[in-house]
$ cat data35.cif   # mmCIF, C-alpha atoms and all ligand atoms
data_upload
loop_
_atom_site.label_atom_id
_atom_site.label_comp_id
_atom_site.auth_asym_id
_atom_site.auth_seq_id
_atom_site.Cartn_x
_atom_site.Cartn_y
_atom_site.Cartn_z
CA MET A 1 -8.76 -12.09 16.95
CA ARG A 2 -7.95 -11.45 13.29
CA GLU A 3 -5.07 -13.59 12.10
CA ARG A 4 -3.62 -10.96 9.77
CA LYS A 5 -1.83 -8.04 11.39
CA PRO A 6 -3.29 -4.84 9.90
CA PHE A 7 -1.03 -2.79 7.66
CA VAL A 8 -1.47 0.98 7.34
CA GLY A 9 0.67 3.01 4.94
CA GLY A 10 0.94 6.78 4.65
CA ASN A 11 1.60 7.69 1.01
CA TRP A 12 2.80 11.29 1.07
CA LYS A 13 2.93 11.47 -2.74
CA MET A 14 4.67 14.60 -4.09
CA ASN A 15 4.06 16.59 -0.90
CA THR A 16 6.11 17.97 2.00
CA ASN A 17 9.52 19.62 2.02
CA ARG A 18 12.64 19.10 4.14
CA THR A 19 11.11 20.78 7.18
CA THR A 20 7.55 19.49 6.95
CA SER A 21 8.63 15.89 6.19
CA ALA A 22 10.69 15.93 9.39
CA ASP A 23 7.86 17.51 11.41
CA LEU A 24 5.36 15.00 10.05
CA THR A 25 7.65 12.08 10.87
CA ARG A 26 8.08 13.27 14.46
CA GLY A 27 4.35 13.89 14.76
CA VAL A 28 3.50 10.39 13.53
CA ILE A 29 6.04 8.76 15.86
CA ASP A 30 4.72 10.68 18.88
CA ALA A 31 1.07 10.00 18.07
CA LEU A 32 1.61 6.27 17.55
CA SER A 33 4.13 5.33 20.21
CA SER A 34 1.57 3.19 22.07
CA VAL A 35 0.26 1.23 19.06
CA ASN A 36 1.84 -2.17 18.58
CA ASN A 37 -0.71 -4.37 16.86
CA ALA A 38 -0.60 -2.72 13.45
CA GLU A 39 2.24 -2.59 10.95
CA ILE A 40 2.82 1.03 9.93
CA ALA A 41 4.79 2.45 7.01
CA ILE A 42 5.34 5.95 5.68
CA PHE A 43 6.26 6.73 2.08
CA PRO A 44 8.00 10.11 1.81
CA PRO A 45 9.25 11.55 -1.49
CA PHE A 46 12.71 10.21 -2.53
CA PRO A 47 14.72 13.31 -1.50
CA TYR A 48 13.57 13.02 2.12
CA LEU A 49 14.05 9.29 2.64
CA LEU A 50 17.38 9.64 4.41
CA SER A 51 16.32 12.41 6.75
CA VAL A 52 13.07 10.63 7.61
CA ARG A 53 15.03 7.45 8.18
CA SER A 54 17.41 9.08 10.60
CA ILE A 55 14.50 10.44 12.65
CA LEU A 56 12.86 6.99 12.75
CA ARG A 57 16.15 5.42 13.77
CA ASP A 58 17.07 8.03 16.39
CA ARG A 59 13.66 7.58 17.98
CA GLY A 60 13.86 3.77 17.88
CA SER A 61 10.60 3.67 15.91
CA SER A 62 9.28 0.47 14.36
CA ILE A 63 7.48 2.45 11.64
CA LYS A 64 8.72 1.15 8.30
CA LEU A 65 10.30 3.39 5.71
CA GLY A 66 8.71 3.09 2.28
CA ALA A 67 9.41 4.32 -1.24
CA GLN A 68 6.67 5.37 -3.65
CA ASP A 69 8.27 3.74 -6.69
CA CYS A 70 11.44 2.07 -7.95
CA TYR A 71 13.15 0.94 -11.13
CA HIS A 72 13.79 -2.76 -11.62
CA LYS A 73 17.32 -2.57 -13.11
CA PRO A 74 20.22 -2.70 -10.67
CA ASP A 75 22.20 0.21 -12.16
CA GLY A 76 23.15 1.87 -15.42
CA ALA A 77 21.99 4.46 -17.91
CA PHE A 78 18.41 5.05 -16.70
CA THR A 79 18.27 8.78 -16.17
CA GLY A 80 16.00 9.84 -13.36
CA GLU A 81 15.31 6.34 -12.06
CA VAL A 82 16.09 4.93 -8.62
CA SER A 83 17.22 1.32 -8.10
CA LEU A 84 16.28 -1.03 -5.30
CA ASP A 85 19.89 -1.19 -4.13
CA MET A 86 19.83 2.60 -3.73
CA LEU A 87 16.57 2.41 -1.81
CA LYS A 88 17.91 -0.34 0.45
CA ASP A 89 21.01 1.74 1.01
CA CYS A 90 18.71 4.51 2.27
CA GLY A 91 16.97 2.12 4.69
CA VAL A 92 13.82 1.52 2.65
CA GLN A 93 11.89 -1.60 3.69
CA THR A 94 8.79 -1.44 1.51
CA VAL A 95 7.92 -0.12 -1.95
CA LEU A 96 4.62 0.84 -3.62
CA VAL A 97 4.15 -0.80 -7.00
CA GLY A 98 1.51 0.14 -9.56
CA HIS A 99 -0.07 3.01 -7.69
CA SER A 100 -2.95 4.36 -9.78
CA GLU A 101 -1.09 7.63 -10.34
CA ARG A 102 1.83 5.63 -11.79
CA ARG A 103 -0.60 3.67 -13.98
CA HIS A 104 -2.87 6.48 -15.14
CA VAL A 105 -0.77 9.66 -14.94
CA ILE A 106 2.70 8.29 -15.76
CA GLY A 107 1.47 5.43 -17.96
CA GLU A 108 2.95 2.29 -16.38
CA SER A 109 1.66 -0.96 -17.88
CA ASP A 110 0.60 -4.12 -16.07
CA GLU A 111 3.76 -5.79 -17.38
CA MET A 112 6.05 -3.05 -16.09
CA ILE A 113 4.33 -3.25 -12.72
CA ASN A 114 4.88 -7.01 -12.62
CA THR A 115 8.57 -6.53 -13.41
CA LYS A 116 8.90 -4.01 -10.60
CA LEU A 117 7.00 -6.19 -8.15
CA ARG A 118 9.29 -9.16 -8.82
CA ALA A 119 12.34 -6.94 -8.42
CA VAL A 120 11.09 -5.61 -5.06
CA VAL A 121 10.41 -9.11 -3.74
CA ASP A 122 13.74 -10.43 -5.06
CA ALA A 123 15.47 -7.55 -3.26
CA GLY A 124 13.94 -8.83 0.00
CA LEU A 125 11.64 -5.82 0.45
CA ILE A 126 7.87 -5.72 0.94
CA ALA A 127 5.93 -4.85 -2.22
CA ILE A 128 2.56 -3.14 -1.94
CA LEU A 129 0.80 -4.03 -5.20
CA CYS A 130 -1.88 -1.41 -5.92
CA ILE A 131 -4.83 -2.25 -8.16
CA GLY A 132 -8.22 -0.69 -8.79
CA GLU A 133 -10.82 0.21 -11.39
CA THR A 134 -11.59 3.65 -12.85
CA LEU A 135 -15.04 5.24 -12.63
CA ASP A 136 -15.82 4.32 -16.26
CA GLN A 137 -14.84 0.73 -15.62
CA ARG A 138 -17.03 0.58 -12.50
CA GLU A 139 -20.01 2.20 -14.20
CA SER A 140 -19.77 -0.15 -17.17
CA GLY A 141 -19.80 -3.17 -14.85
CA HIS A 142 -16.13 -4.07 -15.27
CA THR A 143 -14.95 -3.72 -11.68
CA ASP A 144 -14.31 -7.43 -11.15
CA PRO A 145 -12.58 -8.25 -14.46
CA VAL A 146 -10.32 -5.18 -14.19
CA ASN A 147 -9.20 -6.01 -10.66
CA GLN A 148 -8.76 -9.67 -11.53
CA ARG A 149 -6.64 -8.79 -14.55
CA GLN A 150 -4.48 -6.36 -12.57
CA LEU A 151 -4.01 -8.93 -9.81
CA ARG A 152 -3.17 -11.77 -12.21
CA THR A 153 -0.79 -9.76 -14.39
CA GLY A 154 0.77 -8.00 -11.40
CA LEU A 155 1.54 -11.38 -9.86
CA ALA A 156 2.65 -13.22 -13.03
CA ASP A 157 5.60 -15.54 -12.30
CA VAL A 158 5.45 -14.79 -8.58
CA SER A 159 5.70 -17.87 -6.35
CA ALA A 160 3.65 -18.61 -3.23
CA ASP A 161 6.80 -18.17 -1.09
CA ALA A 162 7.02 -14.52 -2.14
CA PHE A 163 3.78 -13.69 -0.35
CA GLU A 164 5.60 -13.13 2.91
CA ARG A 165 6.66 -9.91 1.21
CA ILE A 166 3.52 -8.89 -0.67
CA VAL A 167 0.57 -6.76 0.41
CA ILE A 168 -2.30 -6.06 -2.00
CA ALA A 169 -3.87 -2.59 -1.97
CA TYR A 170 -7.32 -2.25 -3.56
CA GLU A 171 -7.68 1.40 -4.46
CA PRO A 172 -10.61 2.29 -6.70
CA VAL A 173 -9.27 5.13 -8.85
CA TRP A 174 -12.49 7.14 -8.51
CA ALA A 175 -12.04 7.19 -4.73
CA ILE A 176 -8.43 8.39 -4.66
CA GLY A 177 -8.13 12.00 -3.57
CA THR A 178 -11.77 12.67 -4.44
CA GLY A 179 -13.38 12.49 -1.01
CA LYS A 180 -15.59 9.65 -2.34
CA THR A 181 -14.95 6.48 -0.41
CA ALA A 182 -16.20 3.05 -1.44
CA THR A 183 -18.89 1.89 0.97
CA PRO A 184 -17.59 -0.70 3.41
CA GLU A 185 -19.87 -3.25 1.71
CA ASP A 186 -18.62 -2.47 -1.83
CA ALA A 187 -15.00 -2.54 -0.69
CA GLN A 188 -15.57 -5.80 1.19
CA ASP A 189 -17.15 -7.33 -1.91
CA VAL A 190 -14.01 -6.63 -3.97
CA HIS A 191 -11.63 -7.69 -1.17
CA GLY A 192 -13.50 -10.95 -0.67
CA LYS A 193 -13.32 -11.72 -4.40
CA LEU A 194 -9.61 -10.89 -4.54
CA ARG A 195 -8.96 -13.24 -1.64
CA LYS A 196 -10.88 -16.00 -3.44
CA LEU A 197 -8.82 -15.37 -6.53
CA LEU A 198 -5.58 -15.65 -4.52
CA ALA A 199 -6.83 -19.02 -3.26
CA GLN A 200 -7.43 -20.14 -6.86
CA MET A 201 -4.12 -18.81 -8.13
CA TYR A 202 -2.10 -20.16 -5.17
CA ASN A 203 -3.76 -21.86 -2.22
CA THR A 204 -5.95 -21.08 0.79
CA ASP A 205 -2.95 -20.51 3.01
CA VAL A 206 -1.64 -17.70 0.78
CA ALA A 207 -5.17 -16.27 0.53
CA GLN A 208 -5.67 -16.29 4.29
CA ARG A 209 -2.25 -14.88 5.16
CA THR A 210 -2.09 -12.04 2.62
CA ARG A 211 -3.09 -8.58 3.77
CA ILE A 212 -5.49 -6.86 1.36
CA ILE A 213 -5.73 -3.20 2.31
CA TYR A 214 -8.10 -0.50 1.05
CA GLY A 215 -7.16 2.93 -0.25
CA GLY A 216 -9.21 5.86 -1.51
CA SER A 217 -10.28 8.79 0.68
CA VAL A 218 -9.82 6.92 3.96
CA LYS A 219 -10.21 9.42 6.80
CA GLY A 220 -10.24 9.31 10.57
CA ALA A 221 -14.03 9.36 10.42
CA ASN A 222 -14.56 6.39 8.08
CA ALA A 223 -11.55 4.16 8.77
CA GLU A 224 -13.03 1.98 11.48
CA GLU A 225 -16.13 0.89 9.55
CA LEU A 226 -13.94 -0.02 6.58
CA PHE A 227 -11.38 -1.90 8.68
CA ARG A 228 -14.14 -3.83 10.48
CA GLN A 229 -14.92 -5.66 7.25
CA PRO A 230 -13.58 -9.21 7.43
CA ASP A 231 -11.36 -8.96 4.35
CA ILE A 232 -10.08 -5.37 4.77
CA ASP A 233 -6.76 -5.58 6.58
CA GLY A 234 -5.83 -1.91 6.87
CA GLY A 235 -5.38 0.96 4.46
CA LEU A 236 -3.17 2.96 2.15
CA ILE A 237 -3.72 6.58 3.04
CA GLY A 238 -2.93 9.60 0.87
CA GLY A 239 -4.28 13.03 1.86
CA ALA A 240 -5.11 12.09 5.44
CA SER A 241 -1.56 10.80 6.03
CA LEU A 242 -0.22 14.36 5.77
CA LYS A 243 -1.75 15.25 9.13
CA ALA A 244 -0.17 13.28 11.96
CA PRO A 245 -3.24 13.29 14.27
CA GLU A 246 -5.56 12.07 11.52
CA PHE A 247 -3.13 9.42 10.29
CA ALA A 248 -2.76 8.27 13.91
CA GLN A 249 -6.54 8.06 14.26
CA ILE A 250 -6.66 5.82 11.17
CA VAL A 251 -3.88 3.55 12.44
CA LYS A 252 -5.62 3.28 15.80
CA ALA A 253 -8.86 2.28 14.04
CA ALA A 254 -6.91 -0.55 12.38
CA SER A 255 -5.38 -1.62 15.66
CA VAL A 256 -8.79 -1.61 17.40
CA THR A 257 -10.26 -3.88 14.72
CA ALA A 258 -7.22 -6.14 14.99
CA ALA A 259 -7.82 -6.54 18.71
CA LYS A 260 -11.57 -7.09 18.52
CA THR A 261 -12.36 -9.18 15.47
P1 LIG B 301 -6.22 9.37 -0.79
O1 LIG B 301 -5.07 8.56 -1.58
O2 LIG B 301 -6.26 8.79 0.61
O3 LIG B 301 -5.78 10.81 -0.82
O4 LIG B 301 -7.50 9.13 -1.51
C1 LIG B 301 -4.92 7.18 -1.41
C2 LIG B 301 -3.76 6.69 -2.26
O5 LIG B 301 -3.53 7.23 -3.34
O6 LIG B 301 -3.05 5.76 -1.85
#

$ encode --input "data35.cif" --output "structure tokens"
Amino acid sequence: MRERKPFVGGNWKMNTNRTTSADLTRGVIDALSSVNNAEIAIFPPFPYLLSVRSILRDRGSSIKLGAQDCYHKPDGAFTGEVSLDMLKDCGVQTVLVGHSERRHVIGESDEMINTKLRAVVDAGLIAILCIGETLDQRESGHTDPVNQRQLRTGLADVSADAFERIVIAYEPVWAIGTGKTATPEDAQDVHGKLRKLLAQMYNTDVAQRTRIIYGGSVKGANAEELFRQPDIDGGLIGGASLKAPEFAQIVKAASVTAAKT
């Protein structure tokens, strides 16, 4: 039996509307009502957090409500930003930090990501720290240094105690939304190295307890072979999380590997 409970997140990105976000939430709840050995979270767009939350609550679901981003300041003149207090007020329990689209499309720096991560943890929420190399970085042999740098800078000034509320998501940028998935062996190689680095930066207990999940074109058809790898503790799912049956298939693959390994 694997000691880490798998974590599977559905990152809806800038998709759905009022009707489809509600339908998708109901579909996910119905499809996953019998799964209890995986931690599940869904990350709807900000405007639908409250309506998704009320469906989760009315149905007594244990699926966690997540936000795709946050701002680290508590309040004030930050037009367009959303604070952690606001997210908590809407029932959010977990927040994505440093998603590759925030890094590479919006331009967030490692330092900004670290500031956000510390704010999420200080707010008592679960931070999902996303890291991963671009295709150029992989092809020029820089996969390991890039991921190590993003892990180290993302976790700067974060204490070992905070790891109860941190999940690491390795998401190679070239695999996100492209249909190209890392092979289970390549993903395992990176996950294993990240776990070793956590042991060096903190201790073996932190390294063994921390979930390191994989993201990048995970589908119903490839989830199980990825999640069977010893250091892959679930997934962060984009496109395939927009279809309840496929997302459910992925979560079930995680729960099967949790039961068998
Ligand atoms: P994808 O996205 O599953 O569509 O590749 C993953 C992510 O961005 O978290």

$ atom_distance --input "data35.cif" --atom1 "atom CA of Met201 of chain A" --atom2 "atom CA of Pro6 of chain A"
22.8 Å

$ residues_around --input "data35.cif" --residues "segment 206-220 of chain A" --least-positions-apart "3" --cutoff "7 Å" --atoms "all atoms listed in the file" --output "PyMOL selection string"
chain A and resi 4+160+163+167-172+175-181+191+195-196+198-199+202-203+223+231-237+240+246+249-250

$ atom_distance --input "data35.cif" --atom1 "atom CA of Val82 of chain A" --atom2 "atom CA of Cys70 of chain A"
5.5 Å

$ atom_distance --input "data35.cif" --atom1 "atom CA of Ile63 of chain A" --atom2 "atom CA of Glu39 of chain A"
7.3 Å

$ residues_around --input "data35.cif" --residues "Gln93 of chain A" --least-positions-apart "3" --cutoff "8 Å" --atoms "only C-alpha atoms" --output "VMD selection string"
chain A and resid 64 to 66 88 125 to 126

$ closest_residue --input "data35.cif" --among "A:Ala127, A:Ala187, A:Met86, A:Val8" --to "ligand LIG 301 (chain B)" --atoms "all atoms listed in the file"
A:Val8

$ closest_residue --input "data35.cif" --among "A:Asp122, A:Glu224, A:Glu81, A:Glu101" --to "ligand LIG 301 (chain B)" --atoms "all atoms listed in the file"
A:Glu101

$ closest_residue --input "data35.cif" --among "A:Val97, A:Ile113, A:Val121, A:Val190" --to "ligand LIG 301 (chain B)" --atoms "all atoms listed in the file"
A:Val97

$ closest_atom_pairs --input "data35.cif" --of "segment 78-168 of chain A" --to "segment 42-50 of chain A" --cutoff "9 Å" --atoms "only C-alpha atoms" --output "CSV"
residue,atom,partner,partner_atom,distance
A:Val82,CA,A:Phe46,CA,8.7
A:Leu87,CA,A:Leu49,CA,8.6
A:Cys90,CA,A:Leu50,CA,5.7
A:Gly91,CA,A:Leu50,CA,7.5
A:Val92,CA,A:Leu49,CA,7.8
A:Thr94,CA,A:Phe43,CA,8.6
A:Val95,CA,A:Phe43,CA,8.1
A:Leu96,CA,A:Phe43,CA,8.4

$ axis_aligned_box --input "data35.cif" --around "segment 169-184 of chain A" --padding-each-side "3 Å" --output "AutoDock Vina command-line options"
--center_x -11.4 --center_y 5.0 --center_z -2.7 --size_x 21.0 --size_y 21.3 --size_z 18.3

$ closest_residue --input "data35.cif" --among "A:Ser140, A:Gln68, A:Ser255, A:Ser61" --to "ligand LIG 301 (chain B)" --atoms "all atoms listed in the file"
A:Gln68

$ closest_residue --input "data35.cif" --among "A:Leu194, A:Cys130, A:Val256, A:Val146" --to "ligand LIG 301 (chain B)" --atoms "all atoms listed in the file"
A:Cys130

$ residues_around --input "data35.cif" --residues "Asn114 of chain A" --least-positions-apart "2" --cutoff "12 Å" --atoms "all atoms listed in the file" --output "PyMOL selection string"
chain A and resi 71-72+96-98+108-112+116-121+127-131+149-158

$ residues_around --input "data35.cif" --residues "Thr25 of chain A" --least-positions-apart "4" --cutoff "12 Å" --atoms "all atoms listed in the file" --output "mmCIF file with C-alpha atoms, keeping the file's coordinate frame"
data_model
loop_
_atom_site.group_PDB
_atom_site.id
_atom_site.type_symbol
_atom_site.label_atom_id
_atom_site.label_comp_id
_atom_site.auth_asym_id
_atom_site.auth_seq_id
_atom_site.Cartn_x
_atom_site.Cartn_y
_atom_site.Cartn_z
ATOM 1 C CA GLY A 10 0.940 6.780 4.650
ATOM 2 C CA TRP A 12 2.800 11.290 1.070
ATOM 3 C CA THR A 16 6.110 17.970 2.000
ATOM 4 C CA ASN A 17 9.520 19.620 2.020
ATOM 5 C CA ARG A 18 12.640 19.100 4.140
ATOM 6 C CA THR A 19 11.110 20.780 7.180
ATOM 7 C CA THR A 20 7.550 19.490 6.950
ATOM 8 C CA SER A 21 8.630 15.890 6.190
ATOM 9 C CA ILE A 29 6.040 8.760 15.860
ATOM 10 C CA ASP A 30 4.720 10.680 18.880
ATOM 11 C CA ALA A 31 1.070 10.000 18.070
ATOM 12 C CA LEU A 32 1.610 6.270 17.550
ATOM 13 C CA ALA A 41 4.790 2.450 7.010
ATOM 14 C CA ILE A 42 5.340 5.950 5.680
ATOM 15 C CA PHE A 43 6.260 6.730 2.080
ATOM 16 C CA PRO A 44 8.000 10.110 1.810
ATOM 17 C CA TYR A 48 13.570 13.020 2.120
ATOM 18 C CA LEU A 49 14.050 9.290 2.640
ATOM 19 C CA LEU A 50 17.380 9.640 4.410
ATOM 20 C CA SER A 51 16.320 12.410 6.750
ATOM 21 C CA VAL A 52 13.070 10.630 7.610
ATOM 22 C CA ARG A 53 15.030 7.450 8.180
ATOM 23 C CA SER A 54 17.410 9.080 10.600
ATOM 24 C CA ILE A 55 14.500 10.440 12.650
ATOM 25 C CA LEU A 56 12.860 6.990 12.750
ATOM 26 C CA ARG A 57 16.150 5.420 13.770
ATOM 27 C CA ASP A 58 17.070 8.030 16.390
ATOM 28 C CA ARG A 59 13.660 7.580 17.980
ATOM 29 C CA SER A 61 10.600 3.670 15.910
ATOM 30 C CA ILE A 63 7.480 2.450 11.640
ATOM 31 C CA LYS A 64 8.720 1.150 8.300
ATOM 32 C CA LEU A 65 10.300 3.390 5.710
ATOM 33 C CA SER A 241 -1.560 10.800 6.030
ATOM 34 C CA LEU A 242 -0.220 14.360 5.770
ATOM 35 C CA LYS A 243 -1.750 15.250 9.130
ATOM 36 C CA ALA A 244 -0.170 13.280 11.960
ATOM 37 C CA PRO A 245 -3.240 13.290 14.270
ATOM 38 C CA PHE A 247 -3.130 9.420 10.290
ATOM 39 C CA ALA A 248 -2.760 8.270 13.910
#

$ build_atoms --input "data35.cif" --residues "segment 94-115 of chain A" --atoms "N, CA, C and O atoms" --output "tab-separated table (two decimals), keeping the file's coordinate frame"
chain	number	residue	atom	x	y	z
A	94	THR	N	10.00	-1.09	2.28
A	94	THR	CA	8.79	-1.44	1.51
A	94	THR	C	8.61	-0.46	0.36
A	94	THR	O	9.02	0.70	0.46
A	95	VAL	N	8.02	-0.94	-0.74
A	95	VAL	CA	7.92	-0.12	-1.95
A	95	VAL	C	6.51	-0.25	-2.54
A	95	VAL	O	5.99	-1.37	-2.66
A	96	LEU	N	5.90	0.88	-2.91
A	96	LEU	CA	4.62	0.84	-3.62
A	96	LEU	C	4.87	0.46	-5.08
A	96	LEU	O	5.82	0.96	-5.70
A	97	VAL	N	4.02	-0.39	-5.60
A	97	VAL	CA	4.15	-0.80	-7.00
A	97	VAL	C	2.78	-0.65	-7.67
A	97	VAL	O	1.78	-1.15	-7.14
A	98	GLY	N	2.75	0.04	-8.79
A	98	GLY	CA	1.51	0.14	-9.56
A	98	GLY	C	0.47	1.05	-8.96
A	98	GLY	O	-0.73	0.87	-9.19
A	99	HIS	N	0.92	2.05	-8.20
A	99	HIS	CA	-0.07	3.01	-7.69
A	99	HIS	C	-0.85	3.60	-8.87
A	99	HIS	O	-0.29	3.79	-9.95
A	100	SER	N	-2.11	3.92	-8.65
A	100	SER	CA	-2.95	4.36	-9.78
A	100	SER	C	-2.37	5.60	-10.46
A	100	SER	O	-2.54	5.79	-11.65
A	101	GLU	N	-1.67	6.45	-9.70
A	101	GLU	CA	-1.09	7.63	-10.34
A	101	GLU	C	0.09	7.22	-11.24
A	101	GLU	O	0.35	7.87	-12.26
A	102	ARG	N	0.78	6.15	-10.90
A	102	ARG	CA	1.83	5.63	-11.79
A	102	ARG	C	1.18	5.01	-13.03
A	102	ARG	O	1.68	5.15	-14.15
A	103	ARG	N	0.06	4.31	-12.83
A	103	ARG	CA	-0.60	3.67	-13.98
A	103	ARG	C	-1.22	4.72	-14.90
A	103	ARG	O	-1.03	4.70	-16.11
A	104	HIS	N	-2.00	5.65	-14.30
A	104	HIS	CA	-2.87	6.48	-15.14
A	104	HIS	C	-2.29	7.85	-15.45
A	104	HIS	O	-2.68	8.47	-16.43
A	105	VAL	N	-1.37	8.36	-14.63
A	105	VAL	CA	-0.77	9.66	-14.94
A	105	VAL	C	0.55	9.45	-15.67
A	105	VAL	O	0.83	10.07	-16.68
A	106	ILE	N	1.36	8.50	-15.17
A	106	ILE	CA	2.70	8.29	-15.76
A	106	ILE	C	2.64	7.26	-16.88
A	106	ILE	O	3.51	7.25	-17.75
A	107	GLY	N	1.65	6.36	-16.85
A	107	GLY	CA	1.47	5.43	-17.96
A	107	GLY	C	2.15	4.07	-17.80
A	107	GLY	O	2.49	3.43	-18.79
A	108	GLU	N	2.33	3.61	-16.57
A	108	GLU	CA	2.95	2.29	-16.38
A	108	GLU	C	1.96	1.18	-16.77
A	108	GLU	O	0.78	1.24	-16.44
A	109	SER	N	2.49	0.16	-17.44
A	109	SER	CA	1.66	-0.96	-17.88
A	109	SER	C	1.62	-2.05	-16.82
A	109	SER	O	2.47	-2.09	-15.92
A	110	ASP	N	0.66	-2.96	-16.97
A	110	ASP	CA	0.60	-4.12	-16.07
A	110	ASP	C	1.92	-4.90	-16.08
A	110	ASP	O	2.37	-5.38	-15.05
A	111	GLU	N	2.52	-5.00	-17.25
A	111	GLU	CA	3.76	-5.79	-17.38
A	111	GLU	C	4.91	-5.10	-16.64
A	111	GLU	O	5.72	-5.76	-15.98
A	112	MET	N	4.99	-3.79	-16.78
A	112	MET	CA	6.05	-3.05	-16.09
A	112	MET	C	5.88	-3.19	-14.57
A	112	MET	O	6.84	-3.37	-13.82
A	113	ILE	N	4.63	-3.15	-14.15
A	113	ILE	CA	4.33	-3.25	-12.72
A	113	ILE	C	4.74	-4.63	-12.21
A	113	ILE	O	5.32	-4.78	-11.13
A	114	ASN	N	4.47	-5.65	-13.00
A	114	ASN	CA	4.88	-7.01	-12.62
A	114	ASN	C	6.40	-7.11	-12.51
A	114	ASN	O	6.93	-7.72	-11.57
A	115	THR	N	7.10	-6.50	-13.46
A	115	THR	CA	8.57	-6.53	-13.41
A	115	THR	C	9.08	-5.86	-12.15
A	115	THR	O	9.99	-6.35	-11.48
